[in-house]
Amino acid sequence: MSWMEFVSRKQLAGWLLWSDQGQRFLSWLLRKHWKQILSTEAGFAASEWIRKKIIEEEQQSVAGRRIVIERFPDGFLKVYAEKGDVVFIHRLAVSGDQAEVLEEQLASLNCPRRAREVYNGRVLATDFYQGRTVDQEVKRQSRIAISEAIGRPDPKKNRIDRKPGASDNVVGVDRALGQAGVV
């Protein structure tokens with residue numbers, strides 16, 4: 001009786017992929033004979049399949065990080081994402097230094113465990129939003145159109161040495177505190 005009669009192909013594949021000894025043998029075989037394996041039609045098909053999967057994962061990870069937040073003048077928020085895990089942390093209105101420290105600790109404790117690493121990480125954007133009226137939006141759009149038509153940059157986009165105003169999106173830096181997370 002040969003070993004192929006003793007073990008089915010499914011069992012052999014399971015042993016190669018899911019056991020430590022099988023993975024060691026498979027990695028040794030691939031390291032030793034990788035040129036011969038990739039020169040076959042099956043090896044080429046496998047390498048193309050792996051390349052396609054890697055490209056798909058990269059595209060999905062980029063789309064998974066893209067998040068759109070829609071704010072309404074009454075304070076209502078809508079969050080859009082292809083793939084994502086959105087966590088809202090509701091902060092309390094407090095006064096006094098000690099109360100602010102305790103409130104910060106409470107916010108960290110209320111943050112779910114799956115989101116703590118992100119919450120304690122780098123700040124991507126901060127914003128102070130005071131809703132715009134239709135009149136203000138029309139003026140803003142016309143100012144942008146006129147600036148682009150005459151070839152001048154929009155003066156509102158030049159924010160060097162300015163205090164943050166309404167709708168001041170900041171990437172990675174909180175202007176009041178300096179670098180994010182540094183007090």
# chains A, B, ... in the order shown; residues from 1 in each chain; ligands from 1

$ residues_around --residues "region 26-32 of chain A" --least-positions-apart "3" --cutoff "7 Å" --atoms "only C-alpha atoms" --output "PyMOL selection string"
chain A and resi 16+22-23

$ write_last_selection --atoms "N, CA and C atoms" --output "PDB file, in the first residue's frame"
ATOM      1  N   LEU A  16      -0.623  19.940   5.147  1.00  0.00           N
ATOM      2  CA  LEU A  16       0.354  20.931   4.655  1.00  0.00           C
ATOM      3  C   LEU A  16       0.015  22.343   5.100  1.00  0.00           C
ATOM      4  N   GLY A  22       3.583  20.396   8.598  1.00  0.00           N
ATOM      5  CA  GLY A  22       3.240  20.551   7.192  1.00  0.00           C
ATOM      6  C   GLY A  22       3.676  21.900   6.642  1.00  0.00           C
ATOM      7  N   GLN A  23       3.511  22.960   7.442  1.00  0.00           N
ATOM      8  CA  GLN A  23       3.943  24.291   6.998  1.00  0.00           C
ATOM      9  C   GLN A  23       5.462  24.366   6.886  1.00  0.00           C
TER      10      GLN A  23
END

$ select_by_dssp --residues "region 76-152 of chain A" --states "alpha helix (DSSP H)" --output "number ranges by chain"
A: 97-110, 116-119, 134-150

$ write_last_selection --atoms "N, CA and C atoms" --output "compact mmCIF listing (two decimals), in the first residue's frame"
# COMPACT_ATOMS: atom_id res chain seq x y z
N ASP A 97 -10.39 72.52 36.24
CA ASP A 97 -9.28 71.68 35.78
C ASP A 97 -9.42 70.23 36.22
N GLN A 98 -9.74 70.01 37.48
CA GLN A 98 -9.89 68.66 37.99
C GLN A 98 -11.03 67.93 37.29
N ALA A 99 -12.13 68.62 37.06
CA ALA A 99 -13.27 68.01 36.37
C ALA A 99 -12.91 67.64 34.93
N GLU A 100 -12.11 68.46 34.27
CA GLU A 100 -11.69 68.16 32.89
C GLU A 100 -10.82 66.91 32.85
N VAL A 101 -9.92 66.77 33.83
CA VAL A 101 -9.06 65.59 33.89
C VAL A 101 -9.91 64.34 34.12
N LEU A 102 -10.87 64.42 35.05
CA LEU A 102 -11.74 63.28 35.33
C LEU A 102 -12.62 62.95 34.12
N GLU A 103 -13.08 63.98 33.42
CA GLU A 103 -13.92 63.75 32.24
C GLU A 103 -13.12 63.08 31.13
N GLU A 104 -11.85 63.46 30.97
CA GLU A 104 -10.97 62.83 29.99
C GLU A 104 -10.76 61.35 30.33
N GLN A 105 -10.56 61.06 31.60
CA GLN A 105 -10.40 59.66 32.02
C GLN A 105 -11.69 58.86 31.80
N LEU A 106 -12.83 59.50 32.04
CA LEU A 106 -14.11 58.83 31.82
C LEU A 106 -14.31 58.53 30.33
N ALA A 107 -13.92 59.46 29.47
CA ALA A 107 -14.04 59.23 28.02
C ALA A 107 -13.16 58.06 27.60
N SER A 108 -11.96 57.96 28.13
CA SER A 108 -11.07 56.83 27.81
C SER A 108 -11.65 55.51 28.30
N LEU A 109 -12.26 55.53 29.49
CA LEU A 109 -12.86 54.30 30.01
C LEU A 109 -14.10 53.88 29.23
N ASN A 110 -14.86 54.86 28.74
CA ASN A 110 -16.08 54.55 27.98
C ASN A 110 -15.79 54.12 26.55
N ARG A 116 -9.66 51.57 21.38
CA ARG A 116 -8.74 52.32 22.25
C ARG A 116 -7.43 52.68 21.58
N GLU A 117 -6.88 51.78 20.78
CA GLU A 117 -5.61 52.07 20.11
C GLU A 117 -5.77 53.26 19.16
N VAL A 118 -6.88 53.32 18.47
CA VAL A 118 -7.13 54.44 17.55
C VAL A 118 -7.39 55.71 18.34
N TYR A 119 -8.19 55.62 19.40
CA TYR A 119 -8.54 56.79 20.19
C TYR A 119 -7.31 57.41 20.86
N VAL A 134 -27.44 79.66 3.80
CA VAL A 134 -27.38 79.55 2.34
C VAL A 134 -26.65 80.76 1.77
N ASP A 135 -26.90 81.93 2.34
CA ASP A 135 -26.24 83.17 1.90
C ASP A 135 -24.72 83.07 2.05
N GLN A 136 -24.27 82.58 3.22
CA GLN A 136 -22.83 82.43 3.45
C GLN A 136 -22.20 81.43 2.49
N GLU A 137 -22.90 80.35 2.17
CA GLU A 137 -22.36 79.34 1.25
C GLU A 137 -22.27 79.90 -0.17
N VAL A 138 -23.26 80.68 -0.59
CA VAL A 138 -23.24 81.29 -1.94
C VAL A 138 -22.06 82.25 -2.03
N LYS A 139 -21.85 83.05 -1.00
CA LYS A 139 -20.72 83.99 -1.01
C LYS A 139 -19.39 83.24 -1.04
N ARG A 140 -19.28 82.17 -0.28
CA ARG A 140 -18.05 81.38 -0.26
C ARG A 140 -17.77 80.77 -1.62
N GLN A 141 -18.77 80.17 -2.23
CA GLN A 141 -18.59 79.56 -3.55
C GLN A 141 -18.23 80.59 -4.61
N SER A 142 -18.86 81.77 -4.56
CA SER A 142 -18.55 82.81 -5.56
C SER A 142 -17.14 83.35 -5.35
N ARG A 143 -16.70 83.48 -4.10
CA ARG A 143 -15.35 83.94 -3.82
C ARG A 143 -14.31 82.95 -4.36
N ILE A 144 -14.59 81.66 -4.18
CA ILE A 144 -13.68 80.62 -4.71
C ILE A 144 -13.64 80.68 -6.23
N ALA A 145 -14.82 80.82 -6.87
CA ALA A 145 -14.88 80.86 -8.33
C ALA A 145 -14.14 82.08 -8.88
N ILE A 146 -14.31 83.23 -8.25
CA ILE A 146 -13.62 84.45 -8.71
C ILE A 146 -12.12 84.31 -8.52
N SER A 147 -11.69 83.79 -7.39
CA SER A 147 -10.26 83.60 -7.13
C SER A 147 -9.63 82.66 -8.16
N GLU A 148 -10.33 81.58 -8.48
CA GLU A 148 -9.81 80.65 -9.48
C GLU A 148 -9.80 81.27 -10.87
N ALA A 149 -10.80 82.11 -11.18
CA ALA A 149 -10.90 82.71 -12.51
C ALA A 149 -9.75 83.70 -12.76
N ILE A 150 -9.35 84.42 -11.72
CA ILE A 150 -8.26 85.40 -11.91
C ILE A 150 -6.90 84.80 -11.57

$ residues_around --residues "Pro73 (chain A)" --least-positions-apart "4" --cutoff "10 Å" --atoms "only C-alpha atoms" --output "list of chain:residue names"
A:Leu77, A:Tyr129, A:Gln130, A:Gly131, A:Arg132, A:Thr133

$ atom_distance --atom1 "CA of Pro112 (chain A)" --atom2 "CA of Ile89 (chain A)"
9.3 Å

$ closest_atom_pairs --of "region 80-169 of chain A" --to "region 48-67 of chain A" --cutoff "12 Å" --atoms "only C-alpha atoms" --output "CSV"
residue,atom,partner,partner_atom,distance
A:Tyr80,CA,A:Ile67,CA,5.8
A:Ala81,CA,A:Ile67,CA,4.8
A:Glu82,CA,A:Gly64,CA,5.7
A:Lys83,CA,A:Gly64,CA,4.6
A:Gly84,CA,A:Gly64,CA,6.0
A:Asp85,CA,A:Gly64,CA,9.5
A:Val86,CA,A:Ile67,CA,9.4
A:Leu124,CA,A:Ile67,CA,11.5
A:Ala125,CA,A:Ile67,CA,11.9

$ decode --residues "region 4-155 of chain A" --atoms "C-alpha atoms" --output "PDB file, in the first residue's frame"
ATOM      1  CA  MET A   4      -1.287   8.088  -1.532  1.00  0.00           C
ATOM      2  CA  GLU A   5      -3.700   5.218  -0.941  1.00  0.00           C
ATOM      3  CA  PHE A   6      -3.384   5.688   2.813  1.00  0.00           C
ATOM      4  CA  VAL A   7      -3.949   9.464   2.885  1.00  0.00           C
ATOM      5  CA  SER A   8      -6.498  11.321   0.798  1.00  0.00           C
ATOM      6  CA  ARG A   9      -5.495  14.495  -1.054  1.00  0.00           C
ATOM      7  CA  LYS A  10      -7.804  16.531   1.167  1.00  0.00           C
ATOM      8  CA  GLN A  11      -6.107  15.207   4.308  1.00  0.00           C
ATOM      9  CA  LEU A  12      -2.680  15.863   2.792  1.00  0.00           C
ATOM     10  CA  ALA A  13      -3.636  19.424   1.863  1.00  0.00           C
ATOM     11  CA  GLY A  14      -5.000  19.971   5.369  1.00  0.00           C
ATOM     12  CA  TRP A  15      -1.786  18.675   6.900  1.00  0.00           C
ATOM     13  CA  LEU A  16       0.354  20.931   4.655  1.00  0.00           C
ATOM     14  CA  LEU A  17      -1.647  24.075   5.338  1.00  0.00           C
ATOM     15  CA  TRP A  18      -2.802  23.720   8.943  1.00  0.00           C
ATOM     16  CA  SER A  19      -0.154  21.777  10.862  1.00  0.00           C
ATOM     17  CA  ASP A  20       3.225  23.120  11.994  1.00  0.00           C
ATOM     18  CA  GLN A  21       5.140  20.224  10.480  1.00  0.00           C
ATOM     19  CA  GLY A  22       3.240  20.551   7.192  1.00  0.00           C
ATOM     20  CA  GLN A  23       3.943  24.291   6.998  1.00  0.00           C
ATOM     21  CA  ARG A  24       7.634  23.701   7.705  1.00  0.00           C
ATOM     22  CA  PHE A  25       7.768  21.072   4.955  1.00  0.00           C
ATOM     23  CA  LEU A  26       5.875  23.289   2.505  1.00  0.00           C
ATOM     24  CA  SER A  27       8.111  26.297   3.182  1.00  0.00           C
ATOM     25  CA  TRP A  28      11.225  24.108   2.779  1.00  0.00           C
ATOM     26  CA  LEU A  29       9.879  22.703  -0.494  1.00  0.00           C
ATOM     27  CA  LEU A  30       9.069  26.161  -1.843  1.00  0.00           C
ATOM     28  CA  ARG A  31      12.449  27.586  -0.802  1.00  0.00           C
ATOM     29  CA  LYS A  32      14.338  24.656  -2.290  1.00  0.00           C
ATOM     30  CA  HIS A  33      12.447  24.309  -5.583  1.00  0.00           C
ATOM     31  CA  TRP A  34      10.787  27.725  -6.146  1.00  0.00           C
ATOM     32  CA  LYS A  35      12.233  28.249  -9.646  1.00  0.00           C
ATOM     33  CA  GLN A  36      11.013  24.869 -10.873  1.00  0.00           C
ATOM     34  CA  ILE A  37       7.595  25.351  -9.234  1.00  0.00           C
ATOM     35  CA  LEU A  38       7.028  28.832 -10.679  1.00  0.00           C
ATOM     36  CA  SER A  39       8.138  27.727 -14.151  1.00  0.00           C
ATOM     37  CA  THR A  40       5.165  25.359 -14.381  1.00  0.00           C
ATOM     38  CA  GLU A  41       1.714  26.442 -15.524  1.00  0.00           C
ATOM     39  CA  ALA A  42       0.265  25.737 -12.062  1.00  0.00           C
ATOM     40  CA  GLY A  43       3.027  27.790 -10.411  1.00  0.00           C
ATOM     41  CA  PHE A  44       2.350  30.731 -12.760  1.00  0.00           C
ATOM     42  CA  ALA A  45      -1.393  30.512 -12.070  1.00  0.00           C
ATOM     43  CA  ALA A  46      -0.720  30.429  -8.319  1.00  0.00           C
ATOM     44  CA  SER A  47       1.592  33.457  -8.462  1.00  0.00           C
ATOM     45  CA  GLU A  48      -0.979  35.413 -10.529  1.00  0.00           C
ATOM     46  CA  TRP A  49      -3.727  34.487  -8.054  1.00  0.00           C
ATOM     47  CA  ILE A  50      -1.554  35.658  -5.139  1.00  0.00           C
ATOM     48  CA  ARG A  51      -0.710  38.915  -6.948  1.00  0.00           C
ATOM     49  CA  LYS A  52      -4.422  39.556  -7.659  1.00  0.00           C
ATOM     50  CA  LYS A  53      -5.352  38.903  -3.997  1.00  0.00           C
ATOM     51  CA  ILE A  54      -2.644  41.302  -2.771  1.00  0.00           C
ATOM     52  CA  ILE A  55      -3.890  44.052  -5.111  1.00  0.00           C
ATOM     53  CA  GLU A  56      -7.503  43.473  -3.972  1.00  0.00           C
ATOM     54  CA  GLU A  57      -6.483  43.691  -0.297  1.00  0.00           C
ATOM     55  CA  GLU A  58      -4.602  46.942  -0.905  1.00  0.00           C
ATOM     56  CA  GLN A  59      -7.597  48.469  -2.674  1.00  0.00           C
ATOM     57  CA  GLN A  60      -9.963  47.337   0.065  1.00  0.00           C
ATOM     58  CA  SER A  61      -7.716  48.712   2.800  1.00  0.00           C
ATOM     59  CA  VAL A  62      -7.637  52.136   1.093  1.00  0.00           C
ATOM     60  CA  ALA A  63     -11.421  52.140   0.709  1.00  0.00           C
ATOM     61  CA  GLY A  64     -11.777  50.892   4.285  1.00  0.00           C
ATOM     62  CA  ARG A  65      -9.927  53.927   5.615  1.00  0.00           C
ATOM     63  CA  ARG A  66     -11.979  56.475   3.665  1.00  0.00           C
ATOM     64  CA  ILE A  67     -14.654  57.982   5.904  1.00  0.00           C
ATOM     65  CA  VAL A  68     -17.062  60.791   5.034  1.00  0.00           C
ATOM     66  CA  ILE A  69     -18.799  62.695   7.829  1.00  0.00           C
ATOM     67  CA  GLU A  70     -21.832  64.793   6.964  1.00  0.00           C
ATOM     68  CA  ARG A  71     -22.789  67.464   9.486  1.00  0.00           C
ATOM     69  CA  PHE A  72     -26.151  69.182   9.652  1.00  0.00           C
ATOM     70  CA  PRO A  73     -26.734  72.642  11.168  1.00  0.00           C
ATOM     71  CA  ASP A  74     -28.764  71.186  14.033  1.00  0.00           C
ATOM     72  CA  GLY A  75     -25.824  69.010  15.164  1.00  0.00           C
ATOM     73  CA  PHE A  76     -26.955  65.742  13.505  1.00  0.00           C
ATOM     74  CA  LEU A  77     -24.085  63.686  12.043  1.00  0.00           C
ATOM     75  CA  LYS A  78     -24.077  61.003   9.322  1.00  0.00           C
ATOM     76  CA  VAL A  79     -20.968  58.854   8.863  1.00  0.00           C
ATOM     77  CA  TYR A  80     -20.342  57.089   5.534  1.00  0.00           C
ATOM     78  CA  ALA A  81     -17.708  54.385   4.959  1.00  0.00           C
ATOM     79  CA  GLU A  82     -17.269  51.317   2.757  1.00  0.00           C
ATOM     80  CA  LYS A  83     -15.913  49.260   5.605  1.00  0.00           C
ATOM     81  CA  GLY A  84     -15.414  50.619   9.035  1.00  0.00           C
ATOM     82  CA  ASP A  85     -16.125  50.512  12.694  1.00  0.00           C
ATOM     83  CA  VAL A  86     -17.460  53.852  13.914  1.00  0.00           C
ATOM     84  CA  VAL A  87     -17.324  54.625  17.625  1.00  0.00           C
ATOM     85  CA  PHE A  88     -18.866  57.775  19.091  1.00  0.00           C
ATOM     86  CA  ILE A  89     -17.517  59.024  22.392  1.00  0.00           C
ATOM     87  CA  HIS A  90     -19.823  61.527  24.021  1.00  0.00           C
ATOM     88  CA  ARG A  91     -17.968  64.114  26.073  1.00  0.00           C
ATOM     89  CA  LEU A  92     -19.522  65.835  29.061  1.00  0.00           C
ATOM     90  CA  ALA A  93     -19.715  69.584  29.602  1.00  0.00           C
ATOM     91  CA  VAL A  94     -17.625  70.273  32.732  1.00  0.00           C
ATOM     92  CA  SER A  95     -15.851  73.226  34.299  1.00  0.00           C
ATOM     93  CA  GLY A  96     -12.652  73.292  36.288  1.00  0.00           C
ATOM     94  CA  ASP A  97      -9.275  71.685  35.781  1.00  0.00           C
ATOM     95  CA  GLN A  98      -9.886  68.655  37.994  1.00  0.00           C
ATOM     96  CA  ALA A  99     -13.267  68.012  36.373  1.00  0.00           C
ATOM     97  CA  GLU A 100     -11.695  68.157  32.887  1.00  0.00           C
ATOM     98  CA  VAL A 101      -9.062  65.585  33.894  1.00  0.00           C
ATOM     99  CA  LEU A 102     -11.744  63.281  35.329  1.00  0.00           C
ATOM    100  CA  GLU A 103     -13.918  63.752  32.240  1.00  0.00           C
ATOM    101  CA  GLU A 104     -10.974  62.833  29.989  1.00  0.00           C
ATOM    102  CA  GLN A 105     -10.397  59.659  32.021  1.00  0.00           C
ATOM    103  CA  LEU A 106     -14.114  58.831  31.819  1.00  0.00           C
ATOM    104  CA  ALA A 107     -14.042  59.232  28.023  1.00  0.00           C
ATOM    105  CA  SER A 108     -11.071  56.833  27.808  1.00  0.00           C
ATOM    106  CA  LEU A 109     -12.862  54.301  30.014  1.00  0.00           C
ATOM    107  CA  ASN A 110     -16.075  54.550  27.981  1.00  0.00           C
ATOM    108  CA  CYS A 111     -14.192  53.929  24.734  1.00  0.00           C
ATOM    109  CA  PRO A 112     -14.663  50.305  23.634  1.00  0.00           C
ATOM    110  CA  ARG A 113     -11.548  48.118  23.826  1.00  0.00           C
ATOM    111  CA  ARG A 114     -11.501  47.573  20.030  1.00  0.00           C
ATOM    112  CA  ALA A 115     -11.171  51.341  19.465  1.00  0.00           C
ATOM    113  CA  ARG A 116      -8.740  52.317  22.249  1.00  0.00           C
ATOM    114  CA  GLU A 117      -5.613  52.073  20.113  1.00  0.00           C
ATOM    115  CA  VAL A 118      -7.133  54.441  17.554  1.00  0.00           C
ATOM    116  CA  TYR A 119      -8.545  56.794  20.193  1.00  0.00           C
ATOM    117  CA  ASN A 120      -5.161  57.105  21.929  1.00  0.00           C
ATOM    118  CA  GLY A 121      -3.372  57.577  18.588  1.00  0.00           C
ATOM    119  CA  ARG A 122      -2.770  60.535  16.309  1.00  0.00           C
ATOM    120  CA  VAL A 123      -5.577  63.064  15.779  1.00  0.00           C
ATOM    121  CA  LEU A 124      -6.474  63.280  12.084  1.00  0.00           C
ATOM    122  CA  ALA A 125      -8.776  66.296  12.153  1.00  0.00           C
ATOM    123  CA  THR A 126     -10.330  68.770  14.530  1.00  0.00           C
ATOM    124  CA  ASP A 127     -13.150  71.120  13.789  1.00  0.00           C
ATOM    125  CA  PHE A 128     -15.312  73.781  15.343  1.00  0.00           C
ATOM    126  CA  TYR A 129     -18.442  73.778  13.252  1.00  0.00           C
ATOM    127  CA  GLN A 130     -20.922  76.588  13.288  1.00  0.00           C
ATOM    128  CA  GLY A 131     -23.456  75.951  10.555  1.00  0.00           C
ATOM    129  CA  ARG A 132     -23.491  78.123   7.426  1.00  0.00           C
ATOM    130  CA  THR A 133     -26.517  79.815   6.024  1.00  0.00           C
ATOM    131  CA  VAL A 134     -27.383  79.553   2.344  1.00  0.00           C
ATOM    132  CA  ASP A 135     -26.243  83.168   1.897  1.00  0.00           C
ATOM    133  CA  GLN A 136     -22.827  82.432   3.453  1.00  0.00           C
ATOM    134  CA  GLU A 137     -22.357  79.345   1.249  1.00  0.00           C
ATOM    135  CA  VAL A 138     -23.238  81.286  -1.938  1.00  0.00           C
ATOM    136  CA  LYS A 139     -20.716  83.993  -1.012  1.00  0.00           C
ATOM    137  CA  ARG A 140     -18.048  81.384  -0.258  1.00  0.00           C
ATOM    138  CA  GLN A 141     -18.590  79.556  -3.548  1.00  0.00           C
ATOM    139  CA  SER A 142     -18.548  82.812  -5.559  1.00  0.00           C
ATOM    140  CA  ARG A 143     -15.346  83.943  -3.822  1.00  0.00           C
ATOM    141  CA  ILE A 144     -13.681  80.623  -4.705  1.00  0.00           C
ATOM    142  CA  ALA A 145     -14.880  80.862  -8.333  1.00  0.00           C
ATOM    143  CA  ILE A 146     -13.623  84.451  -8.711  1.00  0.00           C
ATOM    144  CA  SER A 147     -10.257  83.599  -7.133  1.00  0.00           C
ATOM    145  CA  GLU A 148      -9.805  80.649  -9.485  1.00  0.00           C
ATOM    146  CA  ALA A 149     -10.895  82.715 -12.510  1.00  0.00           C
ATOM    147  CA  ILE A 150      -8.259  85.396 -11.914  1.00  0.00           C
ATOM    148  CA  GLY A 151      -5.613  82.866 -10.909  1.00  0.00           C
ATOM    149  CA  ARG A 152      -5.225  83.890  -7.274  1.00  0.00           C
ATOM    150  CA  PRO A 153      -5.304  81.402  -4.452  1.00  0.00           C
ATOM    151  CA  ASP A 154      -8.267  81.614  -2.140  1.00  0.00           C
ATOM    152  CA  PRO A 155      -7.276  83.842   0.817  1.00  0.00           C
TER     153      PRO A 155
END
